[in-house]
4 protein chains.
Amino acid sequence: MLDERNRDHFAMLRAKVRQIVEAKSFQRTIMAVIVGNAVTLGLETVPNLSDRTLSLLHTLDTIALTVFVVELLAKFYVYRLGFFRNAWNVFDLLVVGVALVPAAGGFSVLRALRVLRVLRLISGIESMRRVVATLLAAIPGAASIVGLLALVVYVSAVMATSLFGPKVPQHFGDLGQSLWTLFQTLTGEAWPDIADDVIAEYPMAWIFFLIFILISTFVVLNLFLAVIVSAMESVKDAEEAEMEAALEETEADIKAELALLRQEIRDLREQLLQPTASVGSGRDEPD
Amino acid sequence: MLDERNRDHFAMLRAKVRQIVEAKSFQRTIMAVIVGNAVTLGLETVPNLSDRTLSLLHTLDTIALTVFVVELLAKFYVYRLGFFRNAWNVFDLLVVGVALVPAAGGFSVLRALRVLRVLRLISGIESMRRVVATLLAAIPGAASIVGLLALVVYVSAVMATSLFGPKVPQHFGDLGQSLWTLFQTLTGEAWPDIADDVIAEYPMAWIFFLIFILISTFVVLNLFLAVIVSAMESVKDAEEAEMEAALEETEADIKAELALLRQEIRDLREQLLQPTASVGSGRDEPD
Amino acid sequence: MLDERNRDHFAMLRAKVRQIVEAKSFQRTIMAVIVGNAVTLGLETVPNLSDRTLSLLHTLDTIALTVFVVELLAKFYVYRLGFFRNAWNVFDLLVVGVALVPAAGGFSVLRALRVLRVLRLISGIESMRRVVATLLAAIPGAASIVGLLALVVYVSAVMATSLFGPKVPQHFGDLGQSLWTLFQTLTGEAWPDIADDVIAEYPMAWIFFLIFILISTFVVLNLFLAVIVSAMESVKDAEEAEMEAALEETEADIKAELALLRQEIRDLREQLLQPTASVGSGRDEPD
Amino acid sequence: MLDERNRDHFAMLRAKVRQIVEAKSFQRTIMAVIVGNAVTLGLETVPNLSDRTLSLLHTLDTIALTVFVVELLAKFYVYRLGFFRNAWNVFDLLVVGVALVPAAGGFSVLRALRVLRVLRLISGIESMRRVVATLLAAIPGAASIVGLLALVVYVSAVMATSLFGPKVPQHFGDLGQSLWTLFQTLTGEAWPDIADDVIAEYPMAWIFFLIFILISTFVVLNLFLAVIVSAMESVKDAEEAEMEAALEETEADIKAELALLRQEIRDLREQLLQPTASVGSGRDEPD
């Protein structure tokens with residue numbers, strides 16, 4: 001009896017918490033805390049702050065963190081395991097959770113990662129969420145080309161390491177170094193300096209750079225193109241759908257007209273045939 | 001009585017001024033003054049000019065400024081508060097007004113800003129105005145992605161300041177410095193040098209640069225894409241509208257044909273039923 | 001009599017020359033001479049050539065030039081003033097004519113310009129001619145945006161010269177220098193070094209660079225966009241035309257069907273009314 | 001008799017080998033060997049490996065190579081000359097064959113080229129093959145523009161060599177050097193440094209760079225555009241085909257309706273004309 005009452009009580013509490021958590025004003029408050037936290041985290045990076053200011057900023061940060069933890073706990077209480085079904089909740093959990101990991105050796109890195117919390121603005125603003133969803137949706141279509149690009153870079157890096165590594169170790173000393181150098185080349189940055197260093201030792205190295213730049217540029221261009229074409233196709237599909245709807249409507253309109261026409265002919269026939277019946281076969285009935 | 005006469009007089013004067021202000025030749029004259037002023041402002045920057053030349057250029061500049069002020073006063077006299085309803089008038093007022101602000105400390109800056117007047121060419125030439133309007137129209141559609149980009153840069157800058165600030169102050173000394181460095185990286189310029197400086201102190205910093213460059217490039221690419229797709233959609237909408245118009249015309253044509261057909265059937269029916277009436281049911285009546 | 005004969009003779013000669021000039025094989029020979037000339041002009045740039053080789057190359061160049069001059073004279077003989085109506089002929093005349101200008105002071109420049117002759121490959125190959133025509137066709141549509149870009153660069157250059165000229169003369173010493181520096185910035189190259197030099201003297205100069213880069217990038221992006229959209233619109237127009245043709249065909253087909261139907265009804269009516277006439281109104285007549 | 005049996009025996013063997021070669025599991029095994037080989041080839045580039053590790057890696061490489069050779073021999077045994085009809089087989093043969101060429105002078109180059117084998121991943125994965133096919137399909141459409149670009153670069157290089165070669169040999173010393181420098185400029189990289197070096201000697205050289213950058217950027221932009229437009233046209237064609245199919249379907253639907261209508265009218269006519277005959281002219285009979 002008491003158990004049931006308790007259950008009722010908890011169910012009511014849960015419903016109430018849900019109401020709070022899903023209220024516009026609650027979400028707006030959280031957004032405000034995120035923005036405020038973004039500012040305090042930014043201010044913390046100012047060099048040579050007084051101890052008082054620093055401790056104030058830390059207190060504000062702790063308050064913001066507490067608000068986020070309470071918010072997530074409340075959401076978890078309301079949605080239970082359904083909480084994890086929404087990818088944005090998982091995202092929020094991760095960026096907030098970073099600050100709760102006990103800091104040890106990599107202290108400064110974890111401190112630095114706290115600012116990732118500000119990315120919660122994305123999960124909090126509808127239009128931002130949509131933009132990110134659109135970005136992520138573009139990835140699978142481009143996966144094959146990205147894979148091809150990765151393959152080209154890997155093969156080129158292995159080749160460059162064994163070809164140029166011995167005499168130009170500052171750029172192609174080991175595989176990691178070569179991958180980094182070729183990534184720089186891929187962004188179109190600083191490659192002439194690198195090429196000059198290599199060509200000074202291996203005069204034919206220009207062939208490698210020429211081929212690598214032509215192929216990688218060509219693949220990157222096609223990556224862009226694939227994304228544009230896929231975007232165009234979705235626009236096209238929308239257009240097609242609308243045009244087909246318009247066409248179907250036209251067809252329906254004309255068919256309706258035709259149906260009316262047919263009905264008219266049928267009416268005509270009936271009206272003609274009935275009297276005719278009384279003239280023709282209708283004769284039998286009066287008989 | 002005299003008051004009324006005065007009012008009439010002023011109304012006539014206003015109409016006359018309006019006629020002048022809206023005349024093609026007046027606008028062309030203003031354009032010519034702007035171009036002339038652009039030349040004198042350019043000539044003023046020539047180093048080591050003689051005092052005579054400088055004072056001549058200053059006189060010409062003052063004349064141009066006077067023309068612009070008189071023009072704006074005339075427009076204000078004609079349109080009254082309606083003057084401010086046209087955004088281009090406000091633009092003209094601002095770029096001309098800059099030269100009228102009493103110059104004190106920031107003398108050279110205000111002198112330099114005088115050249116903004118030349119931008120009045122935009123408000124004076126129809127096709128330029130349209131181009132700028134098109135540019136501005138592209139902004140709202142891209143706002144969410146620009147916001148996302150700004151967020152990514154801010155978060156990265158805070159992170160980089162606390163991570164790399166202590167040992168690489170020349171690039172990431174404070175938040176402003178970091179934002180500037182990441183803006184340079186965003187334009188794809190000089191980032192390998194910056195990365196080299198940082199990696200010399202923090203060997204794992206390549207992870208930061210790799211992720212930042214991949215994400216920001218990806219977001220920028222999508223910014224381009226969003227603008228292209230929105231342009232395509234307006235092209236598509238135009239196409240759809242034209243196709244739907246063509247479809248409607250076709251439908252109307254066919255319906256007209258069908259109406260004729262229906263009329264024909266009705267005529268047939270009338271002609272058939274009337275005589276038939278006298279043959280069929282019409283029989284009853286004479287009976 | 002002799003005069004007339006002469007005229008006939010010349011007309012026949014002209015027709016014969018025309019036949020030669022317009023023959024495929026003649027055009028192919030000219031192309032071969034151009035390619036050969038491209039090679040000899042390239043070889044001439046090899047440093048430290050022996051005098052014998054040089055004089056051989058010069059002789060070959062003179063032969064090629066003679067061929068081109070004879071070709072152009074022949075074409076002029078055939079087409080007379082119609083020669084100038086084809087823009088490609090004018091182009092050929094200019095790039096060949098450069099070598100005939102008596103070389104004096106700017107000797108090396110004129111010698112260097114001789115290689116422009118190789119561009120005659122463009123006027124000789126149909127697909128190349130089409131590509132260049134397409135390129136030129138893209139210009140008017142982009143003229144307004146290019147004008148806007150030029151205006152932005154000019155205004156920025158004047159402003160930068162008066163703001164930064166005094167202390168950073170190496171980049172913004174005079175208007176020409178500033179225009180060159182901003183052109184470099186526009187190509188996205190080397191701007192961080194320039195900005196560093198300026199910011200060292202004027203700490204607030206980052207505002208200038210930030211605004212200039214954002215605006216110019218935005219305008220350039222829209223330049224691309226305008227070209228893409230105009231290309232899309234021509235594709236769209238082609239699509240629309242084809243779709244409208246298909247729609248019209250469909251309409252024509254359906255109308256033909258409807259016309260047949262109408263004819264059928266008319267036939268029916270005629271067949272019905274004739275006998276009915278003898279039943280209906282036909283009655284009146286016998287009456 | 002024995003001969004025939006042998007033939008049967010070989011035919012069966014061939015069928016069996018074909019079954020093996022075309023099995024999914026076989027292809028997956030080969031893919032695994034390629035990936036494994038990619039890893040060992042990457043590990044070989046690690047500097048200062050112990051002799052034991054190196055010999056282990058070499059052994060693994062030899063095993064992978066053996067697997068590839070056996071695979072290709074098996075495929076050749078199965079398909080005979082048909083083997084060469086599939087371009088991917090030829091590709092596999094080339095990248096595997098590189099390792100079998102007896103290494104002499106260019107030892108390190110051939111060793112380095114062994115990693116090209118990893119590119120066999122492309123020929124092994126369906127989606128990769130499709131991407132490469134798409135890339136290659138884009139080439140012919142852009143050939144004319146690439147040709148134009150090459151022509152512009154060649155002409156500019158010859159011109160720059162004779163103009164700037166004497167005093168700026170580090171950038172424009174000979175034709176090869178000039179082509180390389182202009183290729184760098186084309187990628188938008190490091191050109192301000194080169195231009196500065198040249199302008200220091202030839203103050204008017206900015207004209208050359210300005211024109212070269214404007215023209216080459218314009219041509220490259222149009223190269224992109226041509227590829228985008230050709231992609232759009234294929235999208236358009238797909239859309240058109242679908243729309244025309246929809247239109248034809250609509251037409252067929254309406255025509256079916258019209259056929260029904262026509263049938264109705266025919267029925268009406270038949271029914272009318274027969275009884276009417278008994279009403280109209282039939283009258284004469286009873287009379």
# chains A, B, ... in the order shown; residues from 1 in each chain; ligands from 1

$ residues_around --residues "stretch 117-134 of chain C" --least-positions-apart "5" --cutoff "6 Å" --atoms "only C-alpha atoms" --output "ChimeraX atom specification"
/C:34,38,88,95-96 /D:144

$ closest_atom_pairs --of "chain D" --to "chain A" --cutoff "6 Å" --atoms "only C-alpha atoms" --output "Markdown table"
| residue | atom | partner | partner_atom | distance |
| --- | --- | --- | --- | --- |
| D:Gly42 | CA | A:Val158 | CA | 5.8 |
| D:Thr45 | CA | A:Ser162 | CA | 6.0 |
| D:Val46 | CA | A:Asp174 | CA | 5.8 |
| D:Ala112 | CA | A:Met159 | CA | 4.8 |
| D:Met128 | CA | A:Ser144 | CA | 5.9 |
| D:Leu261 | CA | A:Arg262 | CA | 6.0 |

$ write_last_selection --atoms "N, CA, C and O atoms" --output "short mmCIF file (atom, residue, chain, number, x, y, z; two decimals), in the first residue's frame"
data_model
loop_
_atom_site.label_atom_id
_atom_site.label_comp_id
_atom_site.auth_asym_id
_atom_site.auth_seq_id
_atom_site.Cartn_x
_atom_site.Cartn_y
_atom_site.Cartn_z
N GLY D 42 55.15 -0.15 -44.48
CA GLY D 42 55.23 1.05 -43.65
C GLY D 42 56.27 0.87 -42.55
O GLY D 42 57.09 1.76 -42.28
N THR D 45 60.02 1.41 -43.14
CA THR D 45 60.57 2.77 -43.23
C THR D 45 61.03 3.29 -41.87
O THR D 45 61.65 4.34 -41.79
N VAL D 46 60.68 2.58 -40.80
CA VAL D 46 61.13 3.02 -39.46
C VAL D 46 62.66 3.02 -39.45
O VAL D 46 63.28 2.03 -39.85
N ALA D 112 61.22 1.69 -53.42
CA ALA D 112 60.18 2.61 -52.98
C ALA D 112 58.88 2.37 -53.75
O ALA D 112 57.79 2.46 -53.18
N MET D 128 35.72 1.79 -54.40
CA MET D 128 36.93 2.50 -54.78
C MET D 128 37.08 2.50 -56.31
O MET D 128 37.41 3.51 -56.92
N LEU D 261 -13.47 6.63 -73.43
CA LEU D 261 -14.48 7.59 -73.84
C LEU D 261 -14.92 7.32 -75.28
O LEU D 261 -16.12 7.34 -75.61
#

$ atom_distance --atom1 "atom CA of B:Val17" --atom2 "atom CA of B:Val78"
6.8 Å

$ closest_residue --among "D:Ser25, D:Phe10, D:Arg85, D:Phe183" --to "A:Phe209" --atoms "only C-alpha atoms"
D:Phe183

$ atom_distance --atom1 "atom CA of C:Leu179" --atom2 "atom CA of D:Ile194"
17.6 Å

$ residues_around --residues "stretch 19-21 of chain C" --least-positions-apart "6" --cutoff "10 Å" --atoms "only C-alpha atoms" --output "PyMOL selection string"
chain C and resi 13+27+71-72+74-75+78
